[in-house]
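To keep things clear, I will list the structure first and then write my remarks on it.
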Amino acid sequence: MLLRSTLVINGVSTALCGLTLLLAPGRLANLLGVSPPARLAGVGAGLVLYAAGLFWTARRQPIPGAAAWAAIVLDLGWVLGSVALVELGILTSIGAGLVALVAAAVLVFAVLQFVGVRQSLRPA
């Protein structure tokens, strides 16, 4: 139950972030300090696709272990990439703060998904 609900909530938040990046890349590029805005639109498109994968995984009965582990690894990759991006110092202060905030939320999803996978391996 924890794994499925975390995948769904992760999917919803990922889709919302992706759509935001797709719908307002110009405004967000200036706010975050990213150039050109097309980069944000590309990230947004990738996030929408990733959200679809999260929803697909959450709907499966049972949830495929490989897909659940893929979500965990991809989320951890996002966190590491976010830390690197912040450390490069190329974002605005607001951009660095927002990227760090999103990374923290994604880390929580990764941890909850990990706990959910571990719970699903235990006999009932």
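Each chain in the structure tokens gets a letter, A, B, ..., in the order shown, and its residues are numbered from 1; ligands are numbered from 1 in order too.
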Contacts of Thr14 (chain A) at 10 Å (only C-alpha atoms; same-chain gap of 6+ positions) as a short mmCIF file (atom, residue, chain, number, x, y, z; two decimals) with C-alpha atoms, in the first residue's frame:
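So around-v6.cif came out as:
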```
data_model
loop_
_atom_site.label_atom_id
_atom_site.label_comp_id
_atom_site.auth_asym_id
_atom_site.auth_seq_id
_atom_site.Cartn_x
_atom_site.Cartn_y
_atom_site.Cartn_z
CA VAL A 8 0.80 7.87 -7.28
CA THR A 20 4.42 23.90 -15.20
CA GLY A 44 9.07 19.36 -18.41
CA GLY A 46 10.60 14.37 -19.65
CA LEU A 47 8.85 14.80 -16.31
CA VAL A 48 5.43 14.28 -17.89
CA LEU A 49 6.68 11.06 -19.47
CA TYR A 50 8.21 9.94 -16.17
CA ALA A 51 4.92 10.67 -14.39
CA ALA A 52 3.13 8.45 -16.90
CA LEU A 54 4.95 6.16 -12.34
CA VAL A 102 12.16 19.85 -5.13
CA VAL A 106 12.05 13.72 -4.48
#
```
### Query
How many Å separate CA of Ala29 (chain A) from CA of Ile72 (chain A)?
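If I compute the distance from CA of Ala29 (chain A) to CA of Ile72 (chain A), I get 27.6 Å.
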### Query
Could you pull the residues within 9 Å of Leu76 (chain A), counting only C-alpha atoms, minus those fewer than 2 positions along the same chain, as a ChimeraX atom specification?
/A:71-74,78-81,103,106-107,110
Include C-alpha atoms and write out the residues we just selected as an mmCIF file, in the first residue's frame.
```cif
data_model
loop_
_atom_site.group_PDB
_atom_site.id
_atom_site.type_symbol
_atom_site.label_atom_id
_atom_site.label_comp_id
_atom_site.auth_asym_id
_atom_site.auth_seq_id
_atom_site.Cartn_x
_atom_site.Cartn_y
_atom_site.Cartn_z
ATOM 1 C CA ALA A 71 11.663 4.728 -9.898
ATOM 2 C CA ILE A 72 13.866 4.716 -6.803
ATOM 3 C CA VAL A 73 17.081 4.911 -8.842
ATOM 4 C CA LEU A 74 15.721 7.618 -11.144
ATOM 5 C CA TRP A 78 17.321 13.485 -9.856
ATOM 6 C CA VAL A 79 18.476 14.355 -6.333
ATOM 7 C CA LEU A 80 22.151 13.956 -7.229
ATOM 8 C CA GLY A 81 21.705 15.997 -10.397
ATOM 9 C CA ALA A 103 15.193 17.622 -4.573
ATOM 10 C CA VAL A 106 12.054 13.724 -4.475
ATOM 11 C CA LEU A 107 14.387 12.251 -1.857
ATOM 12 C CA ALA A 110 12.701 7.693 -3.072
#
```
### Message
If I take CA of Ala66 (chain A) and CA of Ala15 (chain A), how far is one from the other in Å, to one decimal?
### Response
21.5 Å
### Message
Given only C-alpha atoms as the basis, pick out the residue of A:Asn10, A:Leu2, A:Gly33, A:Ala45 nearest to Phe109 (chain A).
### Response
A:Asn10
### Query
Taking into account only C-alpha atoms, which residue in the set A:Ile94, A:Val83, A:Ala67, A:Leu31 is nearest to Phe114 (chain A)?
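Selected residue with least distance to Phe114 (chain A): A:Ala67.
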### Message
As an exercise, work out the distance from CA of Leu22 (chain A) to CA of Ala96 (chain A) in Å and give it to one decimal place.
### Response
19.5 Å
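Residues in contact with Met1 (chain A) at 12 Å, where only C-alpha atoms are counted and same-chain residues fewer than 6 positions away are skipped, are listed as A:Leu7, A:Val8, A:Ala58, A:Arg59, A:Gln61, A:Pro62, A:Ile63, A:Leu112, A:Gln113, A:Val115, A:Gly116, A:Val117, A:Arg118, A:Gln119, A:Ser120.
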Export N, CA and C atoms of the chosen residues as a short mmCIF file (atom, residue, chain, number, x, y, z; two decimals), in the first residue's frame?
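Output contents, as saved in out-v4.cif:
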```
data_model
loop_
_atom_site.label_atom_id
_atom_site.label_comp_id
_atom_site.auth_asym_id
_atom_site.auth_seq_id
_atom_site.Cartn_x
_atom_site.Cartn_y
_atom_site.Cartn_z
N LEU A 7 3.97 6.01 -5.20
CA LEU A 7 4.14 6.14 -6.65
C LEU A 7 3.09 7.08 -7.24
N VAL A 8 1.86 7.00 -6.76
CA VAL A 8 0.80 7.87 -7.28
C VAL A 8 1.07 9.32 -6.90
N ALA A 58 2.20 2.14 -10.75
CA ALA A 58 1.29 2.09 -9.60
C ALA A 58 0.02 1.29 -9.90
N ARG A 59 -0.39 1.22 -11.15
CA ARG A 59 -1.62 0.51 -11.52
C ARG A 59 -1.43 -1.00 -11.67
N GLN A 61 -0.73 -4.90 -10.98
CA GLN A 61 -1.04 -5.84 -9.88
C GLN A 61 -0.28 -7.12 -10.12
N PRO A 62 0.69 -7.46 -9.38
CA PRO A 62 1.38 -6.64 -8.38
C PRO A 62 2.31 -5.64 -9.07
N ILE A 63 2.81 -4.71 -8.28
CA ILE A 63 3.75 -3.73 -8.81
C ILE A 63 5.04 -4.46 -9.17
N LEU A 112 10.50 6.64 0.67
CA LEU A 112 9.22 5.97 0.89
C LEU A 112 9.01 4.81 -0.09
N GLN A 113 9.45 4.99 -1.33
CA GLN A 113 9.35 3.90 -2.30
C GLN A 113 10.24 2.74 -1.88
N VAL A 115 11.14 1.94 1.20
CA VAL A 115 10.46 1.28 2.33
C VAL A 115 9.30 0.45 1.81
N GLY A 116 8.55 0.97 0.85
CA GLY A 116 7.43 0.23 0.28
C GLY A 116 7.87 -1.04 -0.42
N VAL A 117 8.98 -0.98 -1.15
CA VAL A 117 9.50 -2.19 -1.80
C VAL A 117 9.91 -3.21 -0.75
N ARG A 118 10.59 -2.76 0.28
CA ARG A 118 11.02 -3.67 1.36
C ARG A 118 9.81 -4.31 2.04
N GLN A 119 8.76 -3.53 2.27
CA GLN A 119 7.55 -4.09 2.88
C GLN A 119 6.90 -5.11 1.97
N SER A 120 6.92 -4.88 0.68
CA SER A 120 6.27 -5.81 -0.25
C SER A 120 7.02 -7.13 -0.35
#
```
